[in-house]
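Shown below: query-v1.pdb, with PDB, C-alpha atoms.
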```pdb
ATOM      1  CA  MET A 654     -22.260 -18.297   6.358  1.00  0.00           C
ATOM      2  CA  HIS A 655     -23.138 -14.687   5.603  1.00  0.00           C
ATOM      3  CA  THR A 656     -21.625 -11.321   6.424  1.00  0.00           C
ATOM      4  CA  THR A 657     -23.601  -9.528   9.123  1.00  0.00           C
ATOM      5  CA  THR A 658     -22.997  -6.228  10.844  1.00  0.00           C
ATOM      6  CA  ASP A 659     -24.726  -5.053  14.020  1.00  0.00           C
ATOM      7  CA  ARG A 660     -24.835  -1.270  14.298  1.00  0.00           C
ATOM      8  CA  LEU A 661     -24.546  -0.265  17.931  1.00  0.00           C
ATOM      9  CA  GLY A 662     -24.702   3.454  17.276  1.00  0.00           C
ATOM     10  CA  GLN A 663     -24.015   6.285  14.904  1.00  0.00           C
ATOM     11  CA  GLY A 664     -21.150   8.758  14.819  1.00  0.00           C
ATOM     12  CA  THR A 665     -18.075   6.562  14.975  1.00  0.00           C
ATOM     13  CA  ASP A 666     -15.781   9.282  16.309  1.00  0.00           C
ATOM     14  CA  ASN A 667     -18.024   9.711  19.369  1.00  0.00           C
ATOM     15  CA  LEU A 668     -17.461   6.124  20.442  1.00  0.00           C
ATOM     16  CA  ILE A 669     -14.429   4.902  22.369  1.00  0.00           C
ATOM     17  CA  PRO A 670     -12.545   2.323  20.275  1.00  0.00           C
ATOM     18  CA  ARG A 671     -11.300  -0.771  22.019  1.00  0.00           C
ATOM     19  CA  HIS A 672      -7.931  -2.494  21.748  1.00  0.00           C
ATOM     20  CA  TYR A 673      -7.307  -4.810  18.818  1.00  0.00           C
ATOM     21  CA  LEU A 674      -7.637  -8.500  19.677  1.00  0.00           C
ATOM     22  CA  PRO A 675      -6.382 -11.515  17.674  1.00  0.00           C
ATOM     23  CA  GLY A 676      -9.088 -12.494  15.224  1.00  0.00           C
ATOM     24  CA  ASP A 677     -10.485  -8.982  14.735  1.00  0.00           C
ATOM     25  CA  SER A 678     -11.014  -8.085  11.092  1.00  0.00           C
ATOM     26  CA  MET A 679      -8.504  -5.575   9.746  1.00  0.00           C
ATOM     27  CA  ARG A 680     -11.464  -3.730   8.248  1.00  0.00           C
ATOM     28  CA  ARG A 681     -12.551  -2.731  11.758  1.00  0.00           C
ATOM     29  CA  ILE A 682      -9.318  -0.904  12.612  1.00  0.00           C
ATOM     30  CA  HIS A 683      -9.933   2.680  13.740  1.00  0.00           C
ATOM     31  CA  TRP A 684      -6.927   4.286  12.062  1.00  0.00           C
ATOM     32  CA  ARG A 685      -7.270   7.728  13.675  1.00  0.00           C
ATOM     33  CA  ALA A 686      -7.407   6.270  17.190  1.00  0.00           C
ATOM     34  CA  SER A 687      -4.595   3.854  16.362  1.00  0.00           C
ATOM     35  CA  ALA A 688      -2.336   6.692  15.243  1.00  0.00           C
ATOM     36  CA  HIS A 689      -3.206   8.735  18.329  1.00  0.00           C
ATOM     37  CA  ARG A 690      -2.503   5.910  20.768  1.00  0.00           C
ATOM     38  CA  ASP A 691       0.336   4.309  18.781  1.00  0.00           C
ATOM     39  CA  GLU A 692      -1.349   0.915  18.996  1.00  0.00           C
ATOM     40  CA  LEU A 693      -4.051  -0.838  17.010  1.00  0.00           C
ATOM     41  CA  MET A 694      -7.616   0.037  17.997  1.00  0.00           C
ATOM     42  CA  VAL A 695     -10.853  -1.240  16.469  1.00  0.00           C
ATOM     43  CA  ARG A 696     -14.292   0.300  16.076  1.00  0.00           C
ATOM     44  CA  GLN A 697     -16.747  -0.664  18.798  1.00  0.00           C
ATOM     45  CA  GLU A 698     -19.836   0.179  16.786  1.00  0.00           C
ATOM     46  CA  GLU A 699     -19.414  -2.656  14.305  1.00  0.00           C
ATOM     47  CA  GLN A 700     -19.539  -6.323  15.166  1.00  0.00           C
ATOM     48  CA  GLU A 701     -18.634  -8.083  11.964  1.00  0.00           C
ATOM     49  CA  THR A 702     -19.040 -11.811  11.578  1.00  0.00           C
ATOM     50  CA  THR A 703     -17.556 -12.205   8.128  1.00  0.00           C
ATOM     51  CA  PRO A 704     -16.238 -15.774   8.056  1.00  0.00           C
ATOM     52  CA  GLU A 705     -12.675 -15.977   6.818  1.00  0.00           C
ATOM     53  CA  ALA A 706     -10.646 -18.925   5.508  1.00  0.00           C
ATOM     54  CA  ILE A 707      -7.059 -19.495   4.403  1.00  0.00           C
ATOM     55  CA  VAL A 708      -5.792 -21.756   1.627  1.00  0.00           C
ATOM     56  CA  VAL A 709      -2.056 -22.471   1.607  1.00  0.00           C
ATOM     57  CA  LEU A 710      -0.117 -23.600  -1.475  1.00  0.00           C
ATOM     58  CA  ASP A 711       3.204 -25.028  -0.287  1.00  0.00           C
ATOM     59  CA  ARG A 712       5.681 -24.005  -3.005  1.00  0.00           C
ATOM     60  CA  GLY A 713       8.790 -25.157  -1.136  1.00  0.00           C
ATOM     61  CA  VAL A 714      10.787 -26.971  -3.802  1.00  0.00           C
ATOM     62  CA  ARG A 715      11.972 -29.689  -1.407  1.00  0.00           C
ATOM     63  CA  ARG A 716       8.445 -31.151  -1.416  1.00  0.00           C
ATOM     64  CA  TRP A 717       8.388 -31.275  -5.221  1.00  0.00           C
ATOM     65  CA  VAL A 718      10.636 -32.428  -8.053  1.00  0.00           C
ATOM     66  CA  VAL A 719      13.254 -29.817  -8.923  1.00  0.00           C
ATOM     67  CA  GLU A 720      11.680 -29.207 -12.350  1.00  0.00           C
ATOM     68  CA  ALA A 721       8.644 -27.707 -10.631  1.00  0.00           C
ATOM     69  CA  ALA A 722      10.720 -24.594  -9.907  1.00  0.00           C
ATOM     70  CA  ARG A 723      11.908 -24.162 -13.482  1.00  0.00           C
ATOM     71  CA  ALA A 724       8.706 -23.761 -15.469  1.00  0.00           C
ATOM     72  CA  PRO A 725       4.954 -24.154 -15.000  1.00  0.00           C
ATOM     73  CA  GLY A 726       3.330 -27.358 -16.184  1.00  0.00           C
ATOM     74  CA  VAL A 727       6.368 -29.647 -16.055  1.00  0.00           C
ATOM     75  CA  ASP A 728       5.528 -31.424 -12.784  1.00  0.00           C
ATOM     76  CA  PRO A 729       2.119 -33.160 -12.814  1.00  0.00           C
ATOM     77  CA  GLY A 730       2.134 -33.359  -9.021  1.00  0.00           C
ATOM     78  CA  PHE A 731       2.604 -29.613  -8.595  1.00  0.00           C
ATOM     79  CA  GLU A 732      -0.087 -28.911 -11.179  1.00  0.00           C
ATOM     80  CA  THR A 733      -2.456 -31.160  -9.240  1.00  0.00           C
ATOM     81  CA  ALA A 734      -1.673 -29.129  -6.111  1.00  0.00           C
ATOM     82  CA  VAL A 735      -2.473 -25.881  -7.923  1.00  0.00           C
ATOM     83  CA  SER A 736      -5.769 -27.318  -9.136  1.00  0.00           C
ATOM     84  CA  ALA A 737      -6.557 -28.464  -5.598  1.00  0.00           C
ATOM     85  CA  CYS A 738      -5.970 -24.937  -4.306  1.00  0.00           C
ATOM     86  CA  VAL A 739      -8.381 -23.483  -6.848  1.00  0.00           C
ATOM     87  CA  SER A 740     -10.881 -26.197  -5.900  1.00  0.00           C
ATOM     88  CA  ALA A 741     -10.542 -25.362  -2.191  1.00  0.00           C
ATOM     89  CA  VAL A 742     -10.840 -21.618  -2.773  1.00  0.00           C
ATOM     90  CA  SER A 743     -13.887 -22.124  -4.986  1.00  0.00           C
ATOM     91  CA  ARG A 744     -15.642 -24.325  -2.436  1.00  0.00           C
ATOM     92  CA  LEU A 745     -14.997 -21.962   0.460  1.00  0.00           C
ATOM     93  CA  VAL A 746     -16.055 -18.905  -1.552  1.00  0.00           C
ATOM     94  CA  GLN A 747     -19.292 -20.688  -2.462  1.00  0.00           C
ATOM     95  CA  GLU A 748     -19.850 -21.303   1.251  1.00  0.00           C
ATOM     96  CA  GLY A 749     -19.614 -17.572   1.890  1.00  0.00           C
ATOM     97  CA  TYR A 750     -16.089 -17.318   3.282  1.00  0.00           C
ATOM     98  CA  GLN A 751     -13.664 -14.540   2.429  1.00  0.00           C
ATOM     99  CA  VAL A 752     -10.686 -16.598   1.253  1.00  0.00           C
ATOM    100  CA  THR A 753      -7.001 -15.685   1.177  1.00  0.00           C
ATOM    101  CA  LEU A 754      -4.483 -17.796  -0.750  1.00  0.00           C
ATOM    102  CA  VAL A 755      -0.921 -17.703   0.580  1.00  0.00           C
ATOM    103  CA  ASP A 756       2.377 -19.548   0.325  1.00  0.00           C
ATOM    104  CA  ILE A 757       3.474 -21.595   3.320  1.00  0.00           C
ATOM    105  CA  ASP A 758       5.445 -18.623   4.675  1.00  0.00           C
ATOM    106  CA  GLY A 759       2.436 -16.314   4.412  1.00  0.00           C
ATOM    107  CA  SER A 760       3.396 -14.618   1.132  1.00  0.00           C
ATOM    108  CA  PRO A 761       0.108 -13.694  -0.603  1.00  0.00           C
ATOM    109  CA  LEU A 762      -0.649 -15.401  -3.913  1.00  0.00           C
ATOM    110  CA  GLY A 763      -3.551 -13.127  -4.734  1.00  0.00           C
ATOM    111  CA  GLU A 764      -6.004 -10.653  -3.284  1.00  0.00           C
ATOM    112  CA  PRO A 765      -8.565 -11.954  -0.757  1.00  0.00           C
ATOM    113  CA  ILE A 766     -11.727 -13.160  -2.481  1.00  0.00           C
ATOM    114  CA  ASP A 767     -15.076 -12.292  -0.921  1.00  0.00           C
ATOM    115  CA  GLY A 768     -17.734 -14.894  -0.358  1.00  0.00           C
ATOM    116  CA  GLY A 769     -19.767 -15.540  -3.491  1.00  0.00           C
ATOM    117  CA  ASP A 770     -17.259 -13.820  -5.801  1.00  0.00           C
ATOM    118  CA  THR A 771     -17.012 -16.441  -8.546  1.00  0.00           C
ATOM    119  CA  THR A 772     -15.295 -13.960 -10.863  1.00  0.00           C
ATOM    120  CA  GLY A 773     -12.514 -13.595  -8.302  1.00  0.00           C
ATOM    121  CA  VAL A 774     -12.052 -17.372  -8.326  1.00  0.00           C
ATOM    122  CA  GLU A 775     -11.812 -17.398 -12.115  1.00  0.00           C
ATOM    123  CA  LEU A 776      -9.197 -14.634 -12.098  1.00  0.00           C
ATOM    124  CA  LEU A 777      -7.211 -16.510  -9.444  1.00  0.00           C
ATOM    125  CA  ALA A 778      -7.230 -19.659 -11.571  1.00  0.00           C
ATOM    126  CA  ILE A 779      -5.832 -17.679 -14.504  1.00  0.00           C
ATOM    127  CA  ALA A 780      -3.127 -16.097 -12.340  1.00  0.00           C
ATOM    128  CA  LEU A 781      -2.044 -19.482 -10.974  1.00  0.00           C
ATOM    129  CA  ALA A 782      -1.497 -20.875 -14.470  1.00  0.00           C
ATOM    130  CA  THR A 783       2.084 -19.580 -14.386  1.00  0.00           C
ATOM    131  CA  VAL A 784       2.966 -20.287 -10.751  1.00  0.00           C
ATOM    132  CA  THR A 785       5.965 -22.508  -9.969  1.00  0.00           C
ATOM    133  CA  ALA A 786       7.716 -23.921  -6.934  1.00  0.00           C
ATOM    134  CA  ARG A 787      10.384 -21.690  -5.425  1.00  0.00           C
ATOM    135  CA  ARG A 788      13.366 -21.724  -3.077  1.00  0.00           C
ATOM    136  CA  ASP A 789      12.975 -24.148  -0.256  1.00  0.00           C
ATOM    137  CA  LEU A 790      10.584 -22.997   2.434  1.00  0.00           C
ATOM    138  CA  PRO A 791      10.489 -24.805   5.800  1.00  0.00           C
ATOM    139  CA  THR A 792       7.153 -26.294   6.807  1.00  0.00           C
ATOM    140  CA  GLU A 793       7.519 -24.800  10.275  1.00  0.00           C
ATOM    141  CA  ALA A 794       6.992 -21.379   8.658  1.00  0.00           C
ATOM    142  CA  LEU A 795       3.246 -22.076   8.658  1.00  0.00           C
ATOM    143  CA  ALA A 796       3.224 -22.789  12.386  1.00  0.00           C
ATOM    144  CA  ARG A 797       4.997 -19.471  12.998  1.00  0.00           C
ATOM    145  CA  LEU A 798       2.501 -17.717  10.746  1.00  0.00           C
ATOM    146  CA  VAL A 799      -0.571 -18.803  12.727  1.00  0.00           C
ATOM    147  CA  SER A 800       1.047 -18.697  16.158  1.00  0.00           C
ATOM    148  CA  GLY A 801      -0.991 -16.591  18.548  1.00  0.00           C
ATOM    149  CA  THR A 802      -3.958 -16.366  16.190  1.00  0.00           C
ATOM    150  CA  SER A 803      -7.223 -18.177  15.648  1.00  0.00           C
ATOM    151  CA  THR A 804      -8.474 -18.783  12.115  1.00  0.00           C
ATOM    152  CA  GLY A 805     -11.444 -20.359  10.412  1.00  0.00           C
ATOM    153  CA  PRO A 806     -10.897 -23.172   7.902  1.00  0.00           C
ATOM    154  CA  LEU A 807      -7.265 -23.595   6.845  1.00  0.00           C
ATOM    155  CA  VAL A 808      -6.506 -25.835   3.860  1.00  0.00           C
ATOM    156  CA  LEU A 809      -2.860 -26.752   3.260  1.00  0.00           C
ATOM    157  CA  VAL A 810      -1.973 -28.255  -0.119  1.00  0.00           C
ATOM    158  CA  THR A 811       1.519 -29.723  -0.147  1.00  0.00           C
ATOM    159  CA  GLY A 812       3.768 -32.311  -1.762  1.00  0.00           C
ATOM    160  CA  ALA A 813       6.041 -35.031  -0.403  1.00  0.00           C
ATOM    161  CA  ILE A 814       6.116 -34.221   3.292  1.00  0.00           C
ATOM    162  CA  ASP A 815       7.851 -36.556   5.717  1.00  0.00           C
ATOM    163  CA  ASP A 816       7.459 -37.277   9.433  1.00  0.00           C
ATOM    164  CA  ALA A 817       9.637 -34.275  10.322  1.00  0.00           C
ATOM    165  CA  ASP A 818       7.334 -32.032   8.294  1.00  0.00           C
ATOM    166  CA  ALA A 819       4.269 -33.539   9.978  1.00  0.00           C
ATOM    167  CA  ALA A 820       5.820 -32.786  13.364  1.00  0.00           C
ATOM    168  CA  ALA A 821       6.609 -29.198  12.310  1.00  0.00           C
ATOM    169  CA  LEU A 822       2.994 -28.741  11.186  1.00  0.00           C
ATOM    170  CA  ALA A 823       1.545 -30.264  14.365  1.00  0.00           C
ATOM    171  CA  PRO A 824       0.811 -26.907  16.103  1.00  0.00           C
ATOM    172  CA  VAL A 825      -1.256 -25.564  13.200  1.00  0.00           C
ATOM    173  CA  PRO A 826      -4.549 -27.471  13.752  1.00  0.00           C
ATOM    174  CA  HIS A 827      -4.883 -25.950  17.221  1.00  0.00           C
ATOM    175  CA  HIS A 828      -5.295 -22.518  15.587  1.00  0.00           C
ATOM    176  CA  SER A 829      -7.944 -23.449  12.991  1.00  0.00           C
ATOM    177  CA  SER A 830     -11.604 -24.391  13.220  1.00  0.00           C
ATOM    178  CA  LEU A 831     -11.165 -26.787  10.278  1.00  0.00           C
ATOM    179  CA  PRO A 832      -7.552 -27.753   9.440  1.00  0.00           C
ATOM    180  CA  VAL A 833      -7.335 -29.760   6.197  1.00  0.00           C
ATOM    181  CA  LEU A 834      -4.096 -31.159   4.759  1.00  0.00           C
ATOM    182  CA  LEU A 835      -4.046 -32.395   1.166  1.00  0.00           C
ATOM    183  CA  SER A 836      -0.794 -34.043   0.056  1.00  0.00           C
ATOM    184  CA  VAL A 837       0.220 -35.071  -3.444  1.00  0.00           C
ATOM    185  CA  SER A 838       3.038 -37.469  -2.569  1.00  0.00           C
ATOM    186  CA  ALA A 839       3.162 -38.202   1.176  1.00  0.00           C
ATOM    187  CA  HIS A 840       3.137 -41.805   2.363  1.00  0.00           C
ATOM    188  CA  GLN A 841       0.027 -42.966   4.214  1.00  0.00           C
ATOM    189  CA  SER A 842       2.051 -43.350   7.412  1.00  0.00           C
ATOM    190  CA  VAL A 843       2.977 -39.660   7.270  1.00  0.00           C
ATOM    191  CA  LEU A 844      -0.633 -38.666   6.690  1.00  0.00           C
ATOM    192  CA  ALA A 845      -1.637 -40.826   9.648  1.00  0.00           C
ATOM    193  CA  HIS A 846       0.963 -38.995  11.743  1.00  0.00           C
ATOM    194  CA  ALA A 847      -0.495 -35.656  10.662  1.00  0.00           C
ATOM    195  CA  ALA A 848      -4.045 -36.844  11.411  1.00  0.00           C
ATOM    196  CA  GLU A 849      -2.996 -37.725  14.944  1.00  0.00           C
ATOM    197  CA  THR A 850      -2.059 -34.077  15.532  1.00  0.00           C
ATOM    198  CA  GLY A 851      -5.478 -32.817  14.478  1.00  0.00           C
ATOM    199  CA  TRP A 852      -5.288 -32.414  10.698  1.00  0.00           C
ATOM    200  CA  ARG A 853      -8.056 -33.723   8.448  1.00  0.00           C
ATOM    201  CA  VAL A 854      -6.004 -35.432   5.756  1.00  0.00           C
ATOM    202  CA  ALA A 855      -6.336 -36.801   2.234  1.00  0.00           C
ATOM    203  CA  ALA A 856      -3.998 -37.908  -0.542  1.00  0.00           C
ATOM    204  CA  ILE A 857      -4.263 -36.245  -3.954  1.00  0.00           C
ATOM    205  CA  PRO A 858      -1.935 -38.111  -6.341  1.00  0.00           C
ATOM    206  CA  PRO A 859      -1.312 -36.613  -9.796  1.00  0.00           C
ATOM    207  CA  ASP A 860      -4.434 -36.756 -11.957  1.00  0.00           C
ATOM    208  CA  ALA A 861      -6.503 -37.323  -8.829  1.00  0.00           C
ATOM    209  CA  ASP A 862     -10.256 -36.877  -8.776  1.00  0.00           C
ATOM    210  CA  LEU A 863     -10.405 -33.814  -6.535  1.00  0.00           C
ATOM    211  CA  ALA A 864     -14.047 -34.393  -5.639  1.00  0.00           C
ATOM    212  CA  ALA A 865     -13.121 -37.866  -4.438  1.00  0.00           C
ATOM    213  CA  ALA A 866     -10.171 -36.421  -2.513  1.00  0.00           C
ATOM    214  CA  TRP A 867     -12.454 -33.989  -0.670  1.00  0.00           C
ATOM    215  CA  ASN A 868     -14.819 -36.823   0.177  1.00  0.00           C
ATOM    216  CA  GLY A 869     -11.824 -38.853   1.343  1.00  0.00           C
ATOM    217  CA  VAL A 870     -10.708 -36.368   4.001  1.00  0.00           C
ATOM    218  CA  VAL A 871     -10.380 -38.158   7.345  1.00  0.00           C
ATOM    219  CA  ASP A 872      -9.836 -36.942  10.890  1.00  0.00           C
ATOM    220  CA  ARG A 873      -7.580 -38.216  13.661  1.00  0.00           C
ATOM    221  CA  ARG A 874      -9.999 -41.077  14.421  1.00  0.00           C
ATOM    222  CA  GLY A 875      -9.843 -42.283  10.838  1.00  0.00           C
ATOM    223  CA  THR A 876     -13.394 -41.027  10.287  1.00  0.00           C
ATOM    224  CA  HIS A 877     -14.280 -39.687   6.867  1.00  0.00           C
ATOM    225  CA  VAL A 878     -15.464 -36.105   7.205  1.00  0.00           C
ATOM    226  CA  GLY A 879     -15.803 -35.112   3.535  1.00  0.00           C
ATOM    227  CA  ALA A 880     -16.251 -31.496   2.500  1.00  0.00           C
TER     228      ALA A 880
END
```
What does this structure look like when you write it as structure tokens?
Amino acid sequence: MHTTTDRLGQGTDNLIPRHYLPGDSMRRIHWRASAHRDELMVRQEEQETTPEAIVVLDRGVRRWVVEAARAPGVDPGFETAVSACVSAVSRLVQEGYQVTLVDIDGSPLGEPIDGGDTTGVELLAIALATVTARRDLPTEALARLVSGTSTGPLVLVTGAIDDADAAALAPVPHHSSLPVLLSVSAHQSVLAHAAETGWRVAAIPPDADLAAAWNGVVDRRGTHVGA
């Protein structure tokens, strides 16, 4: 997956911008036209196909032990989740995606990393060394975040979700081309429930082999899809 840009013409101000549509890259916004019309407009002359992906680290303390919110490194499960996020970001960046890491409510956990930017992945790993869980965040926040949008791959790394959480997350797969849910502590029955709604799921217990976890991702039919 590579970034490509088709130039349809020169002299951007001589072209009529079109209205912003869900899925358009923010880099295509024509700010002068947007200010003039008081609504978002994008440049017609560029057709960008930069693939984008989202990795979500669920820091809601209810899905972790309470110590995970007090200091980094005290909850092995949470540390496994952090490592899984770095693993997911690294894999997607290697595949050429521009990757954004966010909390389950959409709060950014770092700057977007361009495809192929291995240095950006290394800096993200360093920054996440001090991250902790925080005040409880509802799982339905992710569904609200992606509502009305269409994304590329979306990888959610979470803790001990239950059936209510799986139900709250059910709308998310419909907005992603590849929805993957990795859980540290969820029961298999909960993961099966999530798979039925469209998630590709895998368990990542503390000290898990992350490569094996990726290869263990299964879809709603129980088919292994790997990564």
Evaluate the PyMOL selection byres ((chain A and resi 855) around 8) and record the selected residues as a PyMOL selection string, following the chain and residue labels used in the document.
chain A and resi 834-836+844+853-854+856-857+866-867+869-871
Which distance in Å separates atom CA of A:Asp711 and atom CA of A:Tyr673, to one decimal?
29.7 Å
List every protein, DNA or RNA residue with an atom no more than 7 Å from (-2.3, -26.0, -15.1) in the file's coordinates, counting only C-alpha atoms, and format the result as a PyMOL selection string.
chain A and resi 726+732+782
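Take atom CA of A:Pro765 and atom CA of A:Gln751: the distance between them is 6.5 Å.
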Can you tell me which residues surround stretch 802-809 of chain A at a distance of at most 9 Å, considering only C-alpha atoms, apart from same-chain residues fewer than 3 positions away, and format the answer as a count of residues only?
29
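Atom CA of A:Ala820 is positioned 14.5 Å from atom CA of A:His840.
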Find the residues near stretch 733-736 of chain A: any atom within 8 Å, counting only C-alpha atoms, skip ones fewer than 2 places away on the same chain, and give them as a PDB file with C-alpha atoms, keeping the file's coordinate frame.
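Output (out-v7.pdb):
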```pdb
ATOM      1  CA  LEU A 710      -0.117 -23.600  -1.475  1.00  0.00           C
ATOM      2  CA  PRO A 729       2.119 -33.160 -12.814  1.00  0.00           C
ATOM      3  CA  GLY A 730       2.134 -33.359  -9.021  1.00  0.00           C
ATOM      4  CA  PHE A 731       2.604 -29.613  -8.595  1.00  0.00           C
ATOM      5  CA  CYS A 738      -5.970 -24.937  -4.306  1.00  0.00           C
ATOM      6  CA  VAL A 739      -8.381 -23.483  -6.848  1.00  0.00           C
ATOM      7  CA  SER A 740     -10.881 -26.197  -5.900  1.00  0.00           C
ATOM      8  CA  LEU A 781      -2.044 -19.482 -10.974  1.00  0.00           C
ATOM      9  CA  VAL A 810      -1.973 -28.255  -0.119  1.00  0.00           C
ATOM     10  CA  THR A 811       1.519 -29.723  -0.147  1.00  0.00           C
ATOM     11  CA  GLY A 812       3.768 -32.311  -1.762  1.00  0.00           C
ATOM     12  CA  SER A 836      -0.794 -34.043   0.056  1.00  0.00           C
ATOM     13  CA  VAL A 837       0.220 -35.071  -3.444  1.00  0.00           C
ATOM     14  CA  ILE A 857      -4.263 -36.245  -3.954  1.00  0.00           C
ATOM     15  CA  PRO A 858      -1.935 -38.111  -6.341  1.00  0.00           C
ATOM     16  CA  PRO A 859      -1.312 -36.613  -9.796  1.00  0.00           C
ATOM     17  CA  ASP A 860      -4.434 -36.756 -11.957  1.00  0.00           C
ATOM     18  CA  ALA A 861      -6.503 -37.323  -8.829  1.00  0.00           C
TER      19      ALA A 861
END
```
Evaluate the PyMOL selection byres ((chain A and resi 774) around 10) against this structure - the residues, as a VMD selection string, please.
chain A and resid 739 to 740 742 to 744 746 to 747 752 765 to 767 769 to 773 775 to 780
Can I get the selection written as a short mmCIF file (atom, residue, chain, number, x, y, z; two decimals), in the frame of the given file, with C-alpha atoms?
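Final output, again_31.cif:
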```
data_model
loop_
_atom_site.label_atom_id
_atom_site.label_comp_id
_atom_site.auth_asym_id
_atom_site.auth_seq_id
_atom_site.Cartn_x
_atom_site.Cartn_y
_atom_site.Cartn_z
CA VAL A 739 -8.38 -23.48 -6.85
CA SER A 740 -10.88 -26.20 -5.90
CA VAL A 742 -10.84 -21.62 -2.77
CA SER A 743 -13.89 -22.12 -4.99
CA ARG A 744 -15.64 -24.32 -2.44
CA VAL A 746 -16.06 -18.90 -1.55
CA GLN A 747 -19.29 -20.69 -2.46
CA VAL A 752 -10.69 -16.60 1.25
CA PRO A 765 -8.56 -11.95 -0.76
CA ILE A 766 -11.73 -13.16 -2.48
CA ASP A 767 -15.08 -12.29 -0.92
CA GLY A 769 -19.77 -15.54 -3.49
CA ASP A 770 -17.26 -13.82 -5.80
CA THR A 771 -17.01 -16.44 -8.55
CA THR A 772 -15.30 -13.96 -10.86
CA GLY A 773 -12.51 -13.60 -8.30
CA GLU A 775 -11.81 -17.40 -12.12
CA LEU A 776 -9.20 -14.63 -12.10
CA LEU A 777 -7.21 -16.51 -9.44
CA ALA A 778 -7.23 -19.66 -11.57
CA ILE A 779 -5.83 -17.68 -14.50
CA ALA A 780 -3.13 -16.10 -12.34
#
```
Residues near stretch 690-693 of chain A, anyone? I mean within 9 Å using only C-alpha atoms, not counting same-chain ones fewer than 3 positions away, as a ChimeraX atom specification.
/A:671-674,682-687
